[in-house]
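Listing of my_file-v4.pdb, PDB, C-alpha atoms
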ATOM      1  CA  MET A   1     -14.519   6.347  12.075
ATOM      2  CA  SER A   2     -16.210   8.602   9.507
ATOM      3  CA  ASN A   3     -16.703  12.353   9.885
ATOM      4  CA  ILE A   4     -20.431  11.932  10.434
ATOM      5  CA  GLU A   5     -19.736   9.684  13.434
ATOM      6  CA  LYS A   6     -17.446  12.323  14.973
ATOM      7  CA  LYS A   7     -19.963  15.118  14.494
ATOM      8  CA  PRO A   8     -21.975  15.835  17.650
ATOM      9  CA  ARG A   9     -25.717  15.353  17.416
ATOM     10  CA  THR A  10     -27.009  18.905  17.288
ATOM     11  CA  GLU A  11     -29.984  18.669  14.994
ATOM     12  CA  TYR A  12     -33.548  17.595  15.540
ATOM     13  CA  ARG A  13     -35.322  15.529  12.900
ATOM     14  CA  PRO A  14     -38.242  17.529  11.423
ATOM     15  CA  CYS A  15     -41.438  15.586  12.063
ATOM     16  CA  VAL A  16     -45.169  15.788  12.423
ATOM     17  CA  GLY A  17     -47.367  14.427  15.170
ATOM     18  CA  ILE A  18     -51.052  13.597  14.928
ATOM     19  CA  MET A  19     -53.597  13.764  17.725
ATOM     20  CA  LEU A  20     -56.431  11.802  16.127
ATOM     21  CA  LEU A  21     -59.800  12.221  17.885
ATOM     22  CA  ASN A  22     -62.869  10.050  17.488
ATOM     23  CA  ASN A  23     -66.450  11.338  17.745
ATOM     24  CA  ARG A  24     -66.346  10.850  21.545
ATOM     25  CA  GLY A  25     -63.304  13.124  21.865
ATOM     26  CA  GLU A  26     -60.976  10.221  22.674
ATOM     27  CA  VAL A  27     -57.488  10.097  21.196
ATOM     28  CA  PHE A  28     -55.878   7.285  19.215
ATOM     29  CA  VAL A  29     -52.739   5.698  20.673
ATOM     30  CA  GLY A  30     -50.708   2.819  19.294
ATOM     31  CA  CYS A  31     -48.380   0.469  21.152
ATOM     32  CA  ARG A  32     -44.941   0.494  19.510
ATOM     33  CA  ASN A  33     -43.880  -2.904  18.257
ATOM     34  CA  ASP A  34     -40.123  -2.260  18.444
ATOM     35  CA  LEU A  35     -39.629  -1.719  22.180
ATOM     36  CA  PRO A  36     -39.459  -4.412  24.853
ATOM     37  CA  ASP A  37     -41.815  -2.625  27.247
ATOM     38  CA  GLU A  38     -45.305  -1.358  26.507
ATOM     39  CA  ALA A  39     -44.829   2.058  24.896
ATOM     40  CA  TRP A  40     -47.859   3.990  23.657
ATOM     41  CA  GLN A  41     -47.766   7.002  21.383
ATOM     42  CA  MET A  42     -49.800   8.980  18.907
ATOM     43  CA  PRO A  43     -48.954   8.640  15.199
ATOM     44  CA  GLN A  44     -45.899  10.651  14.174
ATOM     45  CA  GLY A  45     -43.154  10.623  11.601
ATOM     46  CA  GLY A  46     -40.598  12.468   9.560
ATOM     47  CA  ILE A  47     -41.252  15.174   7.015
ATOM     48  CA  LEU A  48     -39.832  14.256   3.620
ATOM     49  CA  GLU A  49     -37.694  16.724   1.681
ATOM     50  CA  GLY A  50     -39.965  19.202  -0.123
ATOM     51  CA  GLU A  51     -43.047  18.047   1.784
ATOM     52  CA  GLU A  52     -45.295  20.440   3.694
ATOM     53  CA  PRO A  53     -46.124  19.470   7.301
ATOM     54  CA  ARG A  54     -49.856  19.067   6.516
ATOM     55  CA  GLN A  55     -49.052  16.666   3.679
ATOM     56  CA  ALA A  56     -46.662  14.757   5.940
ATOM     57  CA  ALA A  57     -49.324  14.419   8.645
ATOM     58  CA  LEU A  58     -51.856  12.848   6.264
ATOM     59  CA  ARG A  59     -49.193  10.586   4.734
ATOM     60  CA  GLU A  60     -47.943   9.438   8.141
ATOM     61  CA  LEU A  61     -51.487   8.682   9.278
ATOM     62  CA  GLN A  62     -51.974   6.439   6.242
ATOM     63  CA  GLU A  63     -48.576   4.766   6.693
ATOM     64  CA  GLU A  64     -48.976   4.098  10.410
ATOM     65  CA  ILE A  65     -52.642   3.203  10.852
ATOM     66  CA  GLY A  66     -53.672   2.228   7.333
ATOM     67  CA  THR A  67     -56.175   5.028   6.754
ATOM     68  CA  ASN A  68     -56.276   8.752   6.075
ATOM     69  CA  LYS A  69     -59.962   9.117   6.905
ATOM     70  CA  ALA A  70     -59.488  12.266   8.924
ATOM     71  CA  GLU A  71     -59.768  16.001   8.661
ATOM     72  CA  ILE A  72     -57.358  18.501  10.156
ATOM     73  CA  ILE A  73     -59.174  20.625  12.724
ATOM     74  CA  ALA A  74     -56.214  22.434  14.305
ATOM     75  CA  GLU A  75     -52.493  22.971  13.843
ATOM     76  CA  GLY A  76     -50.045  23.640  16.654
ATOM     77  CA  LYS A  77     -48.663  27.152  16.695
ATOM     78  CA  THR A  78     -45.172  26.056  17.743
ATOM     79  CA  TRP A  79     -42.787  23.211  17.050
ATOM     80  CA  LEU A  80     -42.274  20.880  20.031
ATOM     81  CA  SER A  81     -39.000  19.007  20.563
ATOM     82  CA  TYR A  82     -37.701  16.095  22.563
ATOM     83  CA  GLU A  83     -34.361  14.343  22.840
ATOM     84  CA  LEU A  84     -34.138  10.643  22.214
ATOM     85  CA  PRO A  85     -32.369   8.731  25.011
ATOM     86  CA  GLU A  86     -29.250   6.933  23.809
ATOM     87  CA  GLU A  87     -30.677   3.485  24.522
ATOM     88  CA  PHE A  88     -33.306   4.146  21.824
ATOM     89  CA  PHE A  89     -30.888   5.023  19.019
ATOM     90  CA  VAL A  90     -31.400   2.703  16.060
ATOM     91  CA  ASN A  91     -30.816   2.718  12.309
ATOM     92  CA  GLY A  92     -28.118   5.409  12.310
ATOM     93  CA  TRP A  93     -30.015   7.957  14.386
ATOM     94  CA  GLU A  94     -27.031   8.367  16.703
ATOM     95  CA  LYS A  95     -25.015   9.663  13.759
ATOM     96  CA  ARG A  96     -27.375  12.441  12.748
ATOM     97  CA  TRP A  97     -30.243  13.423  15.067
ATOM     98  CA  ARG A  98     -30.409  14.175  18.761
ATOM     99  CA  GLY A  99     -34.202  13.965  18.818
ATOM    100  CA  GLN A 100     -37.279  15.170  17.010
ATOM    101  CA  ARG A 101     -38.799  18.591  16.380
ATOM    102  CA  GLN A 102     -42.502  18.150  15.721
ATOM    103  CA  LYS A 103     -45.357  20.160  14.226
ATOM    104  CA  TRP A 104     -48.569  18.770  15.714
ATOM    105  CA  PHE A 105     -51.971  18.462  14.070
ATOM    106  CA  VAL A 106     -55.276  17.718  15.754
ATOM    107  CA  MET A 107     -57.476  15.649  13.442
ATOM    108  CA  ARG A 108     -61.035  14.405  13.612
ATOM    109  CA  PHE A 109     -61.348  10.759  12.584
ATOM    110  CA  THR A 110     -64.038  10.444   9.898
ATOM    111  CA  GLY A 111     -63.918   6.676   9.446
ATOM    112  CA  THR A 112     -64.914   3.721  11.582
ATOM    113  CA  ASP A 113     -62.734   1.530  13.776
ATOM    114  CA  ALA A 114     -62.798  -1.056  10.970
ATOM    115  CA  ASP A 115     -60.850   1.409   8.775
ATOM    116  CA  ILE A 116     -57.855   1.256  11.122
ATOM    117  CA  ASN A 117     -55.390  -1.355   9.909
ATOM    118  CA  LEU A 118     -52.027  -1.768  11.633
ATOM    119  CA  ASP A 119     -50.925  -4.377   9.079
ATOM    120  CA  THR A 120     -49.111  -1.802   6.965
ATOM    121  CA  PRO A 121     -46.003  -2.317   4.786
ATOM    122  CA  GLU A 122     -43.777  -1.123   7.669
ATOM    123  CA  PRO A 123     -45.853  -1.708  10.835
ATOM    124  CA  GLU A 124     -45.007   0.428  13.850
ATOM    125  CA  PHE A 125     -47.787  -0.572  16.222
ATOM    126  CA  SER A 126     -48.774  -3.963  17.640
ATOM    127  CA  ALA A 127     -52.041  -2.743  19.196
ATOM    128  CA  TRP A 128     -54.157   0.393  19.387
ATOM    129  CA  LYS A 129     -56.937   1.927  21.442
ATOM    130  CA  TRP A 130     -58.930   5.100  22.020
ATOM    131  CA  VAL A 131     -58.227   6.807  25.344
ATOM    132  CA  PRO A 132     -59.457   9.928  27.127
ATOM    133  CA  VAL A 133     -57.207  12.884  26.325
ATOM    134  CA  ASN A 134     -56.300  13.402  29.993
ATOM    135  CA  GLU A 135     -54.734   9.888  30.120
ATOM    136  CA  LEU A 136     -52.103  10.703  27.486
ATOM    137  CA  PRO A 137     -49.317  11.961  29.792
ATOM    138  CA  SER A 138     -49.427   8.796  31.883
ATOM    139  CA  LEU A 139     -49.398   6.494  28.822
ATOM    140  CA  VAL A 140     -46.587   7.896  26.695
ATOM    141  CA  VAL A 141     -42.930   7.004  27.223
ATOM    142  CA  SER A 142     -41.137   9.273  29.697
ATOM    143  CA  PHE A 143     -39.004  11.159  27.169
ATOM    144  CA  LYS A 144     -42.143  12.229  25.229
ATOM    145  CA  ARG A 145     -44.208  13.337  28.264
ATOM    146  CA  GLN A 146     -43.198  16.986  28.129
ATOM    147  CA  VAL A 147     -44.194  17.227  24.454
ATOM    148  CA  CYS A 148     -47.538  15.650  25.345
ATOM    149  CA  THR A 149     -48.032  18.045  28.261
ATOM    150  CA  ASP A 150     -47.126  21.036  26.075
ATOM    151  CA  LEU A 151     -49.500  19.847  23.358
ATOM    152  CA  LEU A 152     -52.388  19.542  25.821
ATOM    153  CA  ALA A 153     -51.577  23.000  27.208
ATOM    154  CA  GLU A 154     -51.843  24.442  23.699
ATOM    155  CA  PHE A 155     -55.284  22.848  23.248
ATOM    156  CA  PRO A 156     -56.821  22.921  26.764
ATOM    157  CA  GLU A 157     -60.351  22.609  25.370
ATOM    158  CA  LEU A 158     -59.597  18.996  24.371
ATOM    159  CA  GLY A 159     -59.545  17.850  27.984
ATOM    160  CA  ARG A 160     -62.773  19.566  29.025
ATOM    161  CA  SER A 161     -65.380  17.886  26.873
ATOM    162  CA  LEU A 162     -66.164  14.649  25.135
ATOM    163  CA  ALA A 163     -66.653  16.186  21.691
ATOM    164  CA  PRO A 164     -63.744  18.189  20.244
ATOM    165  CA  PRO A 165     -65.027  21.781  20.016
ATOM    166  CA  LEU A 166     -62.233  23.094  17.786
ATOM    167  CA  ALA A 167     -63.177  24.907  14.619
ATOM    168  CA  THR A 168     -61.973  23.366  11.374
ATOM    169  CA  VAL A 169     -58.872  25.102   9.990
TER
END
Go through the file and emit its structure as structure tokens.
Amino acid sequence: MSNIEKKPRTEYRPCVGIMLLNNRGEVFVGCRNDLPDEAWQMPQGGILEGEEPRQAALRELQEEIGTNKAEIIAEGKTWLSYELPEEFFVNGWEKRWRGQRQKWFVMRFTGTDADINLDTPEPEFSAWKWVPVNELPSLVVSFKRQVCTDLLAEFPELGRSLAPPLATV
């Protein structure tokens, strides 16, 4: 057993999350293709070494949904964290990370549905849809619900209207 395997998981993987809104104020969710049960989530992913969170958010959007036709309209003030349940550990995660620490960005989608392409080099989603913001907590997997709830609490105006009223940052 190597030293890394003996080391307790104490760190959170630095990541970004993207709440992508269409012109009706609905949010993009994708169905993960690597879990046996239906598991919906918003685009998210790791921050590369030397990369700024804003850059990571635009890169992850392109990598996960095949387009970066979006503009950042808000940035979360805090980092939100969750722990990954042991049954979800894959690809060496159990040796390094206990979960993810995420900086969230709210983005306005500037493309059309035809611009969204899940057939990416490393596909993460098998399906996608636009949903009302208030449906998010009931759609996401249980271990990500608190992050989703905290995110919606930070941006309460998103759940009150069809059009996102946030000022561009």
What's around Gln55 of chain A at 12 Å? Count all atoms listed in the file, leave out sequence neighbours fewer than 5 positions away in its own chain, and write the answer as an MDAnalysis selection string.
chainID A and resid 15:18 45:50 60:62 68 71:72 103 105
Which centre and which edge lengths, in Å to one decimal, describe the axis-aligned box that holds all listed atoms of segment 57-69 of chain A after 8 Å is added on each side, as lines of an AutoDock Vina configuration file?
center_x = -54.0
center_y = 8.3
center_z = 7.8
size_x = 28.0
size_y = 28.2
size_z = 22.1
Between atom CA of Arg101 of chain A and atom CA of Glu11 of chain A, what distance in Å does the model show, to one decimal?
8.9 Å
Would you kindly translate the PyMOL selection byres ((chain A and resi 123) around 10) into the concrete residues it picks from this file, as an MDAnalysis selection string?
chainID A and resid 32:34 63:66 117:122 124:126
Once you count all atoms listed in the file, which residues end up no further than 8 Å from (-44.8, 5.1, 21.1) in the file's frame, shown as a VMD selection string?
chain A and resid 29 to 32 39 to 42 140 to 141
Applying the PyMOL selection byres ((chain A and resi 148) around 12) to the file I just gave you, which residues come out? Please list them as number ranges by chain.
A: 17-19, 40-42, 80-82, 102, 104, 133-147, 149-156
Tell me, as number ranges by chain, which residues lie within 7 Å of Tyr12 of chain A, counting only C-alpha atoms; anything in the same chain fewer than 3 positions away does not count.
A: 97-101
Find the spatial neighbours of segment 108-115 of chain A, counting only C-alpha atoms, within a cut-off of 8 Å - ignore same-chain residues fewer than 3 positions away - and output them as a ChimeraX atom specification.
/A:20-23,66-67,69-73
Report, in Å with one decimal, the straight-line distance from atom CA of Glu52 of chain A to atom CA of Leu158 of chain A.
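Computing the Euclidean distance for atom CA of Glu52 of chain A and atom CA of Leu158 of chain A yields 25.2 Å.
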Which value, in Å to one decimal, gives the distance between atom CA of Gln44 of chain A and atom CA of Val27 of chain A?
13.6 Å
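Shortest atom-to-atom contact with Pro43 of chain A among A:Pro85, A:Val106, A:Arg13, A:Glu75: A:Val106, counting only C-alpha atoms.
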Counting only C-alpha atoms, the residue of A:Pro53, A:Ala127, A:Leu84, A:Ala74 that sits nearest Pro14 of chain A
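Smallest separation from Pro14 of chain A among the options: A:Pro53.
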Looking at A:Thr78, A:Ile116, A:Met107, A:Arg54, which one is nearest to Glu26 of chain A, with distances taken over all atoms listed in the file?
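Using all atoms listed in the file, Glu26 of chain A sits closest to A:Met107.
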